[in-house]
>>> print(open('input-v4.txt').read())   # compact mmCIF, C-alpha atoms (C1' of nucleotides)
# COMPACT_ATOMS: atom_id res chain seq x y z
CA MET N 1 2.92 60.86 46.23
CA LYS N 2 5.77 60.53 48.67
CA LYS N 3 9.17 60.62 47.11
CA ILE N 4 11.06 57.39 46.80
CA SER N 5 14.70 57.15 47.74
CA SER N 6 17.25 56.28 45.12
CA ARG N 7 18.20 53.14 47.05
CA THR N 8 14.62 51.97 46.93
CA ILE N 9 14.56 52.61 43.21
CA ALA N 10 17.74 50.61 42.70
CA ARG N 11 16.14 47.71 44.57
CA ALA N 12 12.94 48.09 42.55
CA LEU N 13 15.01 47.67 39.40
CA LEU N 14 16.48 44.53 40.92
CA TYR N 15 12.98 43.23 41.65
CA LEU N 16 12.06 43.92 38.04
CA ARG N 17 15.03 41.93 36.82
CA THR N 18 14.03 39.10 39.12
CA LEU N 19 10.40 39.21 38.01
CA GLU N 20 11.49 38.87 34.42
CA THR N 21 13.26 35.60 35.15
CA LEU N 22 10.25 34.38 37.14
CA ILE N 23 8.04 35.12 34.16
CA ARG N 24 10.40 33.16 31.92
CA ASP N 25 10.08 30.28 34.39
CA GLY N 26 6.30 30.42 34.13
CA LYS N 27 5.68 31.50 37.75
CA ASP N 28 2.70 33.77 38.16
CA THR N 29 2.78 34.38 41.89
CA VAL N 30 5.64 35.15 44.24
CA SER N 31 5.87 35.93 47.96
CA SER N 32 8.13 38.49 49.57
CA ARG N 33 9.84 35.58 51.26
CA GLU N 34 10.73 34.01 47.95
CA LEU N 35 11.90 37.28 46.44
CA ALA N 36 14.05 37.63 49.53
CA ARG N 37 15.58 34.23 49.03
CA ILE N 38 16.44 35.01 45.43
CA THR N 39 17.75 38.52 45.88
CA GLY N 40 19.49 38.05 49.19
CA LEU N 41 17.51 40.88 50.82
CA THR N 42 15.02 40.44 53.66
CA ASP N 43 11.32 39.84 53.13
CA VAL N 44 10.36 42.87 55.22
CA GLN N 45 12.58 45.11 53.16
CA ILE N 46 10.89 43.90 50.04
CA ARG N 47 7.37 44.37 51.40
CA LYS N 48 8.30 47.81 52.67
CA ASP N 49 9.74 48.79 49.30
CA ILE N 50 6.76 47.50 47.36
CA SER N 51 4.32 49.17 49.73
CA ASN N 52 5.80 52.47 48.56
CA PHE N 53 4.17 51.81 45.24
CA GLY N 54 0.73 50.86 46.51
CA LYS N 55 -1.06 47.78 47.76
CA VAL N 56 -0.16 45.23 45.17
CA GLY N 57 -0.01 41.96 47.05
CA THR N 58 -2.67 39.57 48.25
CA PRO N 59 -2.35 38.47 51.88
CA GLY N 60 -2.02 34.73 52.16
CA VAL N 61 -0.93 34.47 48.56
CA GLY N 62 1.79 36.94 47.62
CA TYR N 63 2.27 39.15 44.60
CA ASN N 64 1.00 38.52 41.13
CA VAL N 65 4.18 38.53 39.11
CA ALA N 66 2.80 40.28 36.03
CA GLU N 67 0.93 42.86 38.07
CA LEU N 68 3.90 43.66 40.28
CA LYS N 69 6.08 44.03 37.22
CA LYS N 70 3.61 46.43 35.69
CA VAL N 71 3.35 48.51 38.86
CA LEU N 72 7.11 48.75 39.27
CA GLU N 73 7.60 49.63 35.63
CA ASP N 74 4.89 52.25 35.62
CA ILE N 75 6.26 54.03 38.62
CA VAL N 76 9.96 53.51 38.30
CA LEU N 77 10.25 53.85 34.54
CA ALA N 78 8.26 55.69 31.99
CA LYS N 79 7.40 53.22 29.28
CA LYS N 80 9.39 54.99 26.60
CA VAL N 81 12.79 54.01 25.36
CA ILE N 82 15.73 55.51 27.27
CA ARG N 83 18.36 56.90 24.92
CA MET N 84 22.03 56.95 25.75
CA ALA N 85 25.11 58.48 24.19
CA LEU N 86 28.52 56.99 24.72
CA PHE N 87 31.76 58.96 24.84
CA GLY N 88 34.90 56.96 24.24
CA ALA N 89 34.93 53.98 21.90
CA GLY N 90 37.92 52.26 23.49
CA HIS N 91 37.84 48.80 25.03
CA LEU N 92 35.32 49.61 27.73
CA GLY N 93 33.20 51.73 25.41
CA THR N 94 33.09 48.96 22.85
CA ALA N 95 32.12 46.43 25.50
CA ILE N 96 29.25 48.70 26.52
CA LEU N 97 28.17 49.08 22.91
CA LYS N 98 28.09 45.31 22.57
CA TYR N 99 26.47 44.65 25.94
CA PRO N 100 23.71 42.19 25.06
CA ALA N 101 21.25 42.89 27.90
CA PHE N 102 20.41 46.35 26.56
CA GLY N 103 18.78 44.73 23.57
CA LYS N 104 15.90 43.33 25.58
CA GLN N 105 15.35 46.47 27.56
CA LYS N 106 14.33 50.02 27.08
CA LEU N 107 17.94 51.07 26.98
CA ARG N 108 19.34 52.10 23.63
CA ILE N 109 22.67 53.64 22.74
CA VAL N 110 21.92 56.02 19.90
CA ALA N 111 25.34 57.48 19.22
CA ALA N 112 28.98 57.09 20.15
CA PHE N 113 31.65 59.78 20.14
CA ASP N 114 35.42 59.65 19.98
CA ARG N 115 38.26 61.93 18.97
CA ASP N 116 40.30 59.22 17.34
CA LYS N 117 40.10 59.70 13.56
CA ARG N 118 40.44 55.95 13.04
CA LYS N 119 37.33 55.22 15.06
CA ILE N 120 35.17 58.03 13.72
CA GLY N 121 32.84 56.85 10.99
CA ARG N 122 32.96 53.24 12.07
CA THR N 123 29.81 51.46 13.18
CA ILE N 124 30.03 49.27 16.26
CA ASN N 125 27.10 46.95 16.85
CA GLY N 126 24.90 49.22 14.79
CA VAL N 127 25.95 52.42 16.54
CA LYS N 128 27.85 55.01 14.56
CA VAL N 129 30.92 56.73 15.98
CA TYR N 130 30.92 60.51 15.50
CA PRO N 131 33.54 63.15 16.19
CA VAL N 132 33.11 64.70 19.62
CA GLU N 133 32.31 68.11 18.14
CA LYS N 134 29.05 66.82 16.77
CA ALA N 135 27.85 65.78 20.21
CA PRO N 136 25.66 68.75 21.21
CA GLU N 137 23.74 68.66 17.98
CA ILE N 138 23.26 64.91 17.88
CA ILE N 139 22.37 64.68 21.57
CA ARG N 140 19.72 67.33 21.24
CA LYS N 141 18.34 66.01 17.99
CA ASN N 142 17.99 62.49 19.39
CA ARG N 143 16.65 63.60 22.77
CA VAL N 144 19.33 61.62 24.57
CA ASP N 145 18.61 60.91 28.25
CA ILE N 146 21.89 59.55 29.57
CA GLY N 147 25.53 60.26 28.80
CA ILE N 148 28.13 57.58 29.36
CA ILE N 149 31.74 58.56 29.97
CA ALA N 150 34.23 55.88 28.96
CA VAL N 151 37.22 58.07 28.15
CA PRO N 152 40.57 58.32 29.93
CA PRO N 153 40.45 60.28 33.20
CA GLU N 154 42.21 63.33 31.81
CA SER N 155 39.39 63.88 29.33
CA GLY N 156 36.58 63.11 31.75
CA GLN N 157 35.83 66.66 32.86
CA LYS N 158 35.89 68.01 29.31
CA VAL N 159 33.39 65.38 28.25
CA ALA N 160 31.22 66.11 31.28
CA ASP N 161 31.23 69.81 30.41
CA LEU N 162 30.16 68.98 26.90
CA MET N 163 27.36 66.78 28.21
CA VAL N 164 26.07 69.52 30.48
CA LEU N 165 26.28 71.96 27.61
CA SER N 166 24.27 69.55 25.49
CA GLY N 167 21.54 69.46 28.09
CA LEU N 168 22.08 65.98 29.52
CA LYS N 169 20.76 65.52 33.05
CA ALA N 170 22.10 62.03 33.81
CA ILE N 171 25.69 60.83 33.54
CA VAL N 172 27.26 57.46 34.16
CA ASN N 173 30.96 58.00 34.62
CA PHE N 174 33.46 55.18 34.21
CA ALA N 175 36.45 57.50 34.16
CA PRO N 176 38.38 57.42 37.44
CA VAL N 177 38.03 61.13 38.08
CA SER N 178 35.61 63.25 40.11
CA LEU N 179 33.39 65.35 37.88
CA ASN N 180 32.28 68.87 38.59
CA VAL N 181 28.75 69.37 37.29
CA PRO N 182 25.73 71.47 38.26
CA GLY N 183 23.54 70.06 41.02
CA ALA N 184 20.66 69.38 38.67
CA VAL N 185 22.73 66.79 36.83
CA SER N 186 22.95 63.40 38.48
CA VAL N 187 26.10 61.39 38.17
CA ARG N 188 26.74 57.75 38.92
CA ASP N 189 30.45 57.04 39.26
CA ILE N 190 31.73 53.58 38.53
CA ASP N 191 35.46 53.41 39.13
CA LEU N 192 36.46 49.82 38.51
CA SER N 193 39.55 50.04 40.70
CA ILE N 194 37.51 51.37 43.60
CA GLU N 195 34.86 48.68 43.14
CA PHE N 196 37.46 45.94 43.23
CA LEU N 197 39.42 47.38 46.13
CA SER N 198 36.28 48.01 48.07
CA VAL N 199 34.89 44.49 47.90
CA TYR N 200 38.32 43.25 48.87
CA CYS N 201 38.39 45.55 51.91
CA ASP N 202 34.99 44.20 52.96
CA THR N 203 36.53 40.80 53.45
CA GLN N 204 39.46 42.09 55.43
CA LYS N 205 37.96 44.03 58.28
CA MET Z 1 40.20 49.84 66.76
CA LYS Z 2 36.63 50.65 65.90
CA LYS Z 3 35.38 49.01 62.78
CA ILE Z 4 34.98 51.17 59.71
CA SER Z 5 31.85 51.01 57.59
CA SER Z 6 32.10 49.91 54.01
CA ARG Z 7 30.78 53.26 52.83
CA THR Z 8 33.57 55.02 54.65
CA ILE Z 9 36.05 52.69 53.03
CA ALA Z 10 34.65 53.40 49.58
CA ARG Z 11 35.08 57.12 50.25
CA ALA Z 12 38.58 56.55 51.57
CA LEU Z 13 39.45 54.91 48.28
CA LEU Z 14 38.07 57.96 46.52
CA TYR Z 15 40.24 60.20 48.69
CA LEU Z 16 43.22 58.08 47.75
CA ARG Z 17 42.47 58.50 44.08
CA THR Z 18 42.16 62.24 44.59
CA LEU Z 19 45.38 62.45 46.57
CA GLU Z 20 47.22 60.75 43.75
CA THR Z 21 46.20 63.45 41.32
CA LEU Z 22 47.12 66.13 43.84
CA ILE Z 23 50.57 64.59 44.15
CA ARG Z 24 50.91 64.63 40.39
CA ASP Z 25 50.05 68.32 40.48
CA GLY Z 26 52.76 68.95 43.04
CA LYS Z 27 50.43 69.92 45.90
CA ASP Z 28 51.70 68.89 49.29
CA THR Z 29 48.93 70.16 51.50
CA VAL Z 30 45.17 69.99 51.15
CA SER Z 31 42.25 71.08 53.33
CA SER Z 32 39.03 69.17 53.88
CA ARG Z 33 37.29 72.04 52.15
CA GLU Z 34 39.35 71.56 49.02
CA LEU Z 35 38.90 67.80 49.01
CA ALA Z 36 35.19 68.49 49.34
CA ARG Z 37 35.23 70.79 46.35
CA ILE Z 38 37.00 68.19 44.23
CA THR Z 39 35.04 65.13 45.29
CA GLY Z 40 31.64 66.75 45.63
CA LEU Z 41 31.25 65.59 49.23
CA THR Z 42 31.05 67.90 52.24
CA ASP Z 43 34.08 69.02 54.21
CA VAL Z 44 32.63 67.69 57.47
CA GLN Z 45 32.08 64.28 55.97
CA ILE Z 46 35.69 64.20 54.89
CA ARG Z 47 37.02 65.27 58.28
CA LYS Z 48 34.78 62.75 60.01
CA ASP Z 49 35.96 59.98 57.71
CA ILE Z 50 39.61 60.83 58.10
CA SER Z 51 39.27 61.14 61.86
CA ASN Z 52 38.38 57.45 61.86
CA PHE Z 53 41.94 56.75 60.89
CA GLY Z 54 43.60 58.98 63.47
CA LYS Z 55 44.61 62.60 63.84
CA VAL Z 56 46.36 63.29 60.62
CA GLY Z 57 45.62 66.92 59.89
CA THR Z 58 47.10 70.14 61.17
CA PRO Z 59 44.57 72.77 62.30
CA GLY Z 60 44.93 75.97 60.34
CA VAL Z 61 46.82 74.18 57.60
CA GLY Z 62 45.07 71.01 56.45
CA TYR Z 63 46.37 67.58 55.64
CA ASN Z 64 49.80 66.71 54.37
CA VAL Z 65 49.03 64.97 51.12
CA ALA Z 66 51.73 62.34 51.30
CA GLU Z 67 51.06 61.59 54.94
CA LEU Z 68 47.30 61.28 54.44
CA LYS Z 69 47.86 58.99 51.50
CA LYS Z 70 50.11 56.79 53.59
CA VAL Z 71 47.64 56.63 56.45
CA LEU Z 72 44.72 55.74 54.19
CA GLU Z 73 46.74 53.12 52.35
CA ASP Z 74 48.04 51.54 55.52
CA ILE Z 75 44.62 51.17 57.02
CA VAL Z 76 42.41 50.60 54.03
CA LEU Z 77 44.78 48.43 52.01
CA ALA Z 78 47.48 46.06 52.92
CA LYS Z 79 50.52 47.01 50.91
CA LYS Z 80 50.60 43.77 48.98
CA VAL Z 81 49.35 43.23 45.48
CA ILE Z 82 45.70 42.21 45.19
CA ARG Z 83 45.22 39.31 42.79
CA MET Z 84 42.13 38.85 40.70
CA ALA Z 85 40.78 36.10 38.47
CA LEU Z 86 38.40 36.87 35.63
CA PHE Z 87 35.69 34.52 34.43
CA GLY Z 88 34.42 35.22 30.95
CA ALA Z 89 36.68 36.60 28.24
CA GLY Z 90 33.92 38.17 26.14
CA HIS Z 91 33.65 41.85 25.33
CA LEU Z 92 33.31 43.04 28.90
CA GLY Z 93 35.90 40.59 30.20
CA THR Z 94 38.37 41.72 27.57
CA ALA Z 95 37.73 45.36 28.41
CA ILE Z 96 38.49 44.59 32.06
CA LEU Z 97 41.66 42.75 31.10
CA LYS Z 98 42.78 45.79 29.15
CA TYR Z 99 41.68 48.35 31.71
CA PRO Z 100 44.73 50.61 31.98
CA ALA Z 101 44.26 51.94 35.52
CA PHE Z 102 45.01 48.56 37.10
CA GLY Z 103 48.56 48.83 35.87
CA LYS Z 104 49.43 51.65 38.22
CA GLN Z 105 47.73 50.11 41.19
CA LYS Z 106 47.99 47.10 43.40
CA LEU Z 107 45.37 45.34 41.34
CA ARG Z 108 46.52 42.53 39.09
CA ILE Z 109 44.52 40.04 37.06
CA VAL Z 110 46.50 36.82 37.25
CA ALA Z 111 44.30 34.50 35.22
CA ALA Z 112 41.25 34.45 32.98
CA PHE Z 113 38.84 31.58 32.42
CA ASP Z 114 36.41 30.78 29.64
CA ARG Z 115 34.68 27.72 28.24
CA ASP Z 116 35.05 28.77 24.64
CA LYS Z 117 37.72 26.59 23.04
CA ARG Z 118 38.68 29.41 20.68
CA LYS Z 119 39.54 31.70 23.58
CA ILE Z 120 41.32 29.16 25.73
CA GLY Z 121 45.09 29.34 25.35
CA ARG Z 122 45.05 32.89 24.07
CA THR Z 123 46.80 35.63 25.99
CA ILE Z 124 45.01 38.95 26.40
CA ASN Z 125 47.09 41.84 27.62
CA GLY Z 126 49.53 39.41 29.18
CA VAL Z 127 46.88 37.32 30.92
CA LYS Z 128 46.40 33.75 29.82
CA VAL Z 129 42.92 32.30 29.26
CA TYR Z 130 42.42 28.87 30.85
CA PRO Z 131 39.56 26.39 30.66
CA VAL Z 132 37.14 26.85 33.52
CA GLU Z 133 37.95 23.42 34.95
CA LYS Z 134 41.41 24.59 35.90
CA ALA Z 135 40.06 27.40 38.03
CA PRO Z 136 40.21 25.87 41.52
CA GLU Z 137 43.80 24.80 41.11
CA ILE Z 138 45.01 28.04 39.56
CA ILE Z 139 43.10 30.22 42.01
CA ARG Z 140 44.57 28.40 44.97
CA LYS Z 141 48.06 28.25 43.59
CA ASN Z 142 48.08 31.99 42.85
CA ARG Z 143 46.41 32.99 46.10
CA VAL Z 144 43.75 34.94 44.23
CA ASP Z 145 41.84 37.47 46.33
CA ILE Z 146 38.97 38.54 44.08
CA GLY Z 147 36.88 36.75 41.48
CA ILE Z 148 35.31 38.72 38.66
CA ILE Z 149 32.20 37.37 36.94
CA ALA Z 150 31.79 38.59 33.36
CA VAL Z 151 29.85 35.69 31.92
CA PRO Z 152 26.25 35.58 30.64
CA PRO Z 153 23.61 35.55 33.39
CA GLU Z 154 22.71 31.90 32.91
CA SER Z 155 26.26 30.85 33.84
CA GLY Z 156 26.64 33.32 36.72
CA GLN Z 157 25.58 31.02 39.54
CA LYS Z 158 27.72 28.14 38.30
CA VAL Z 159 30.75 30.40 38.20
CA ALA Z 160 29.95 31.74 41.66
CA ASP Z 161 29.74 28.19 43.01
CA LEU Z 162 33.11 27.42 41.49
CA MET Z 163 34.58 30.54 43.06
CA VAL Z 164 33.28 29.63 46.49
CA LEU Z 165 34.60 26.11 46.03
CA SER Z 166 37.98 27.56 45.13
CA GLY Z 167 38.06 29.54 48.37
CA LEU Z 168 37.45 33.03 47.04
CA LYS Z 169 36.01 35.43 49.60
CA ALA Z 170 35.32 38.46 47.36
CA ILE Z 171 33.35 38.54 44.14
CA VAL Z 172 32.57 41.34 41.73
CA ASN Z 173 29.60 40.26 39.65
CA PHE Z 174 28.83 41.91 36.33
CA ALA Z 175 26.28 39.26 35.34
CA PRO Z 176 22.70 40.48 35.67
CA VAL Z 177 21.67 37.72 38.06
CA SER Z 178 21.43 37.46 41.85
CA LEU Z 179 24.03 35.12 43.26
CA ASN Z 180 23.52 32.74 46.10
CA VAL Z 181 26.73 32.46 48.13
CA PRO Z 182 27.65 31.83 51.77
CA GLY Z 183 27.53 34.85 54.06
CA ALA Z 184 31.28 34.92 54.50
CA VAL Z 185 31.73 35.76 50.84
CA SER Z 186 31.18 39.38 49.91
CA VAL Z 187 29.69 40.21 46.57
CA ARG Z 188 29.55 43.51 44.74
CA ASP Z 189 26.95 43.46 41.99
CA ILE Z 190 27.35 45.74 39.01
CA ASP Z 191 24.42 45.34 36.64
CA LEU Z 192 24.97 47.86 33.88
CA SER Z 193 21.29 48.07 32.99
CA ILE Z 194 20.37 48.81 36.59
CA GLU Z 195 23.09 51.42 36.87
CA PHE Z 196 21.88 53.23 33.78
CA LEU Z 197 18.20 52.99 34.64
CA SER Z 198 18.85 54.08 38.16
CA VAL Z 199 20.71 57.29 37.32
CA TYR Z 200 17.95 58.06 34.85
CA CYS Z 201 15.28 57.59 37.52
CA ASP Z 202 17.19 59.98 39.78
CA THR Z 203 16.54 62.75 37.32
CA GLN Z 204 12.86 61.97 36.93
CA LYS Z 205 11.45 62.11 40.43
C1' DG Q 1 41.83 83.59 60.52
C1' DA Q 2 41.94 79.17 58.88
C1' DC Q 3 41.75 74.95 59.87
C1' DT Q 4 40.95 70.01 62.31
C1' DG Q 5 38.42 66.90 65.31
C1' DT Q 6 34.34 65.51 67.65
C1' DG Q 7 30.15 65.06 70.80
C1' DA Q 8 25.41 66.04 70.08
C1' DA Q 9 21.49 66.48 67.05
C1' DT Q 10 19.24 65.11 63.02
C1' DA Q 11 18.05 62.41 59.16
C1' DA Q 12 17.84 58.18 56.58
C1' DG Q 13 17.41 53.43 56.33
C1' DT Q 14 16.32 48.97 58.25
C1' DT Q 15 14.16 45.70 61.23
C1' DC Q 16 10.62 44.42 64.60
C1' DA Q 17 6.18 43.32 65.97
C1' DC Q 18 1.81 42.73 64.94
C1' DA Q 19 -2.88 44.04 62.95
C1' DG Q 20 -5.56 42.51 59.27
C1' DC Q 21 -6.78 40.09 54.93
C1' DT Q 22 -7.65 35.51 52.22
C1' DA C 1 -1.96 29.01 58.21
C1' DG C 2 0.19 31.98 55.26
C1' DC C 3 0.63 35.93 53.65
C1' DT C 4 0.81 41.55 53.10
C1' DG C 5 1.21 46.18 54.93
C1' DT C 6 2.76 49.37 58.35
C1' DG C 7 3.55 52.22 62.72
C1' DA C 8 7.10 52.03 66.06
C1' DA C 9 11.72 50.87 67.58
C1' DC C 10 16.10 50.69 66.37
C1' DT C 11 20.34 51.23 63.89
C1' DT C 12 23.36 53.58 60.78
C1' DA C 13 24.93 57.67 58.45
C1' DT C 14 25.19 62.53 57.93
C1' DT C 15 25.19 67.23 59.45
C1' DC C 16 25.55 70.77 63.00
C1' DA C 17 27.86 73.44 66.27
C1' DC C 18 31.73 74.52 68.42
C1' DA C 19 36.02 73.62 71.32
C1' DG C 20 40.70 73.55 70.41
C1' DT C 21 45.15 73.98 67.50
C1' DC C 22 48.39 76.37 64.52
>>> encode(input="input-v4.txt", output="structure tokens")
Amino acid sequence: MKKISSRTIARALLYLRTLETLIRDGKDTVSSRELARITGLTDVQIRKDISNFGKVGTPGVGYNVAELKKVLEDIVLAKKVIRMALFGAGHLGTAILKYPAFGKQKLRIVAAFDRDKRKIGRTINGVKVYPVEKAPEIIRKNRVDIGIIAVPPESGQKVADLMVLSGLKAIVNFAPVSLNVPGAVSVRDIDLSIEFLSVYCDTQK
Amino acid sequence: MKKISSRTIARALLYLRTLETLIRDGKDTVSSRELARITGLTDVQIRKDISNFGKVGTPGVGYNVAELKKVLEDIVLAKKVIRMALFGAGHLGTAILKYPAFGKQKLRIVAAFDRDKRKIGRTINGVKVYPVEKAPEIIRKNRVDIGIIAVPPESGQKVADLMVLSGLKAIVNFAPVSLNVPGAVSVRDIDLSIEFLSVYCDTQK
DNA sequence: GACTGTGAATAAGTTCACAGCT
DNA sequence: AGCTGTGAACTTATTCACAGTC
């Protein structure tokens, strides 16, 4: 099978999200044109993306919503639950712990870590906060897939090191600092300041 | 002046962030190679990006940190404060209101909006929460540049409509829903589920 | 020798144009 | 007629290769 670019995968996840709302609305068929209208992408882009995953559509009709969802899920996601560990139970960390959309999905935060004695031992939205030292053990025991960094920038690299040491291969980093990790580990950086500044710049030039 | 792609601008903002830490560390010169090591990009990419903004470096030496920072700031950002308005004072909204890094930057949240009577009138981290109805007036009066959507997905489009109506040209959307807005408005979507799933997929294929 | 800046080459991503199915 | 699927054309972004500066 030809390898699928990470941009295509991100769009596939967007299609999945869209399909879920279509299912809720009782639609059972959708055309690339309509998906385009909803998502803001072009219809060709959508057909091209979906064609990566096989011939799913019916000419003259469109895609069967349930079938397309199944195909995208099978290829883009394994069906198992994806386990995450959160580092940093501050404001942002707590917001992530309480993020409601995870509930309906395969995403599950299985443990949180912090160094603050006052936070350790607490349970936030059903997730227990452990001392950072316990991370390697807990991460391995729970077969965690993704590490989330929501600590201040000066601790970001230390946490990343600990994640690598614990065997994590995927990191989402909210700390505004560039992480140095082995090439086999993939990192998605989300620096809120950069996101805001960057959309603002888009409107200027 | 040739127009600069939005990806280049995003990297420029990353360089700025990096330069700020270099300044804190007392460095006054940096090579593209070193910036590459820190950011994880390539040195050529960095030189190419910076060359978009003029000839700033000194061959054999590198870039003067303060000068490069000034050049990037002048071109990528106006020097003025960038004003933001937040919609939705739930967990995520509150985390954004309390996000410490904005303090040191040009980013300022000037108002928050919510429909929940219990939240309206409160002040979170110095920002007052207003009823949604007041948004157009307050946004115009304060010359807000960016709207932030941190409401549940079912209210996302309504909030986006209100933002467009209020004259906002830049939106950062944390609600997991595709927004329909005029082409002149630029939107940056951050769907946490998609971000997590997508970094996980990167490690799988 | 160590570095920047850049045209040329390459790669990646998107859009076009249309063949083919229902 | 109304769609999907896809090779080919095009556009955008990255990397190479190296001339030129300090």
>>> residues_around(input="input-v4.txt", residues="Asp145 in chain Z", least_positions_apart="4", cutoff="8 Å", atoms="only C-alpha atoms (C1' of nucleotides)", output="ChimeraX atom specification")
/N:200 /Z:82-84,168-170
>>> interface_residues(input="input-v4.txt", of="chain N", to="chain Q", cutoff="9 Å", atoms="only C-alpha atoms (C1' of nucleotides)", output="PyMOL selection string")
chain N and resi 44-45+58-61
>>> interface_residues(input="input-v4.txt", of="chain Z", to="chain C", cutoff="12 Å", atoms="all atoms listed in the file", output="PDB file with C-alpha atoms, keeping the file's coordinate frame")
ATOM      1  CA  ILE Z   4      34.980  51.170  59.710  1.00  0.00           C
ATOM      2  CA  SER Z   5      31.850  51.010  57.590  1.00  0.00           C
ATOM      3  CA  SER Z   6      32.100  49.910  54.010  1.00  0.00           C
ATOM      4  CA  ARG Z   7      30.780  53.260  52.830  1.00  0.00           C
ATOM      5  CA  THR Z   8      33.570  55.020  54.650  1.00  0.00           C
ATOM      6  CA  LEU Z  41      31.250  65.590  49.230  1.00  0.00           C
ATOM      7  CA  THR Z  42      31.050  67.900  52.240  1.00  0.00           C
ATOM      8  CA  ASP Z  43      34.080  69.020  54.210  1.00  0.00           C
ATOM      9  CA  VAL Z  44      32.630  67.690  57.470  1.00  0.00           C
ATOM     10  CA  GLN Z  45      32.080  64.280  55.970  1.00  0.00           C
ATOM     11  CA  ILE Z  46      35.690  64.200  54.890  1.00  0.00           C
ATOM     12  CA  LYS Z  48      34.780  62.750  60.010  1.00  0.00           C
ATOM     13  CA  ASP Z  49      35.960  59.980  57.710  1.00  0.00           C
ATOM     14  CA  LYS Z  55      44.610  62.600  63.840  1.00  0.00           C
ATOM     15  CA  GLY Z  57      45.620  66.920  59.890  1.00  0.00           C
ATOM     16  CA  THR Z  58      47.100  70.140  61.170  1.00  0.00           C
ATOM     17  CA  PRO Z  59      44.570  72.770  62.300  1.00  0.00           C
ATOM     18  CA  GLY Z  60      44.930  75.970  60.340  1.00  0.00           C
ATOM     19  CA  VAL Z  61      46.820  74.180  57.600  1.00  0.00           C
ATOM     20  CA  GLY Z  62      45.070  71.010  56.450  1.00  0.00           C
TER      21      GLY Z  62
END
>>> atom_distance(input="input-v4.txt", atom1="CA of Asn173 in chain Z", atom2="CA of Asp191 in chain Z")
7.9 Å
>>> closest_atom_pairs(input="input-v4.txt", of="chain N", to="chain Z", cutoff="8 Å", atoms="only C-alpha atoms", output="Markdown table")
| residue | atom | partner | partner_atom | distance |
| --- | --- | --- | --- | --- |
| N:Lys3 | CA | Z:Lys205 | CA | 7.2 |
| N:Ile4 | CA | Z:Lys205 | CA | 7.9 |
| N:Ser6 | CA | Z:Asp202 | CA | 6.5 |
| N:Ile9 | CA | Z:Ser198 | CA | 6.8 |
| N:Ala10 | CA | Z:Ser198 | CA | 5.8 |
| N:Leu13 | CA | Z:Ile194 | CA | 6.2 |
| N:Leu14 | CA | Z:Ile194 | CA | 7.2 |
| N:Arg17 | CA | Z:Pro176 | CA | 7.9 |
| N:Thr18 | CA | Z:Val177 | CA | 7.8 |
| N:Ile38 | CA | Z:Ser178 | CA | 6.6 |
| N:Thr39 | CA | Z:Ser178 | CA | 5.6 |
| N:Gly40 | CA | Z:Asn180 | CA | 7.3 |
| N:Val76 | CA | Z:Cys201 | CA | 6.7 |
| N:Leu77 | CA | Z:Cys201 | CA | 6.9 |
| N:His91 | CA | Z:Ala95 | CA | 4.8 |
| N:Leu92 | CA | Z:Ala95 | CA | 4.9 |
| N:Thr94 | CA | Z:His91 | CA | 7.6 |
| N:Ala95 | CA | Z:His91 | CA | 4.8 |
| N:Ile96 | CA | Z:Leu92 | CA | 7.4 |
| N:Lys98 | CA | Z:His91 | CA | 7.1 |
| N:Tyr99 | CA | Z:Leu92 | CA | 7.6 |
| N:Ala101 | CA | Z:Ser193 | CA | 7.3 |
| N:Phe102 | CA | Z:Ser193 | CA | 6.7 |
| N:Leu107 | CA | Z:Ser193 | CA | 7.5 |
| N:Asp145 | CA | Z:Tyr200 | CA | 7.2 |
| N:Ile146 | CA | Z:Tyr200 | CA | 6.8 |
| N:Lys169 | CA | Z:Thr203 | CA | 6.6 |
| N:Ala170 | CA | Z:Tyr200 | CA | 5.8 |
| N:Ile171 | CA | Z:Val199 | CA | 7.2 |
| N:Val172 | CA | Z:Phe196 | CA | 6.9 |
| N:Pro176 | CA | Z:Arg17 | CA | 7.9 |
| N:Val177 | CA | Z:Thr18 | CA | 7.8 |
| N:Ser178 | CA | Z:Thr39 | CA | 5.5 |
| N:Leu179 | CA | Z:Thr39 | CA | 7.6 |
| N:Asn180 | CA | Z:Gly40 | CA | 7.4 |
| N:Ala184 | CA | Z:Thr203 | CA | 7.9 |
| N:Val185 | CA | Z:Thr203 | CA | 7.4 |
| N:Ser186 | CA | Z:Thr203 | CA | 6.5 |
| N:Val187 | CA | Z:Val199 | CA | 6.8 |
| N:Arg188 | CA | Z:Val199 | CA | 6.3 |
| N:Ser193 | CA | Z:Phe102 | CA | 6.7 |
| N:Ile194 | CA | Z:Leu13 | CA | 6.2 |
| N:Glu195 | CA | Z:Arg188 | CA | 7.6 |
| N:Phe196 | CA | Z:Val172 | CA | 6.9 |
| N:Leu197 | CA | Z:Leu13 | CA | 7.8 |
| N:Ser198 | CA | Z:Ala10 | CA | 5.8 |
| N:Val199 | CA | Z:Ala170 | CA | 6.1 |
| N:Tyr200 | CA | Z:Ala170 | CA | 5.9 |
| N:Cys201 | CA | Z:Val76 | CA | 6.8 |
| N:Asp202 | CA | Z:Ser6 | CA | 6.5 |
| N:Thr203 | CA | Z:Ser186 | CA | 6.6 |
| N:Lys205 | CA | Z:Lys3 | CA | 7.2 |
>>> atom_distance(input="input-v4.txt", atom1="CA of Glu133 in chain N", atom2="CA of Phe174 in chain N")
20.7 Å
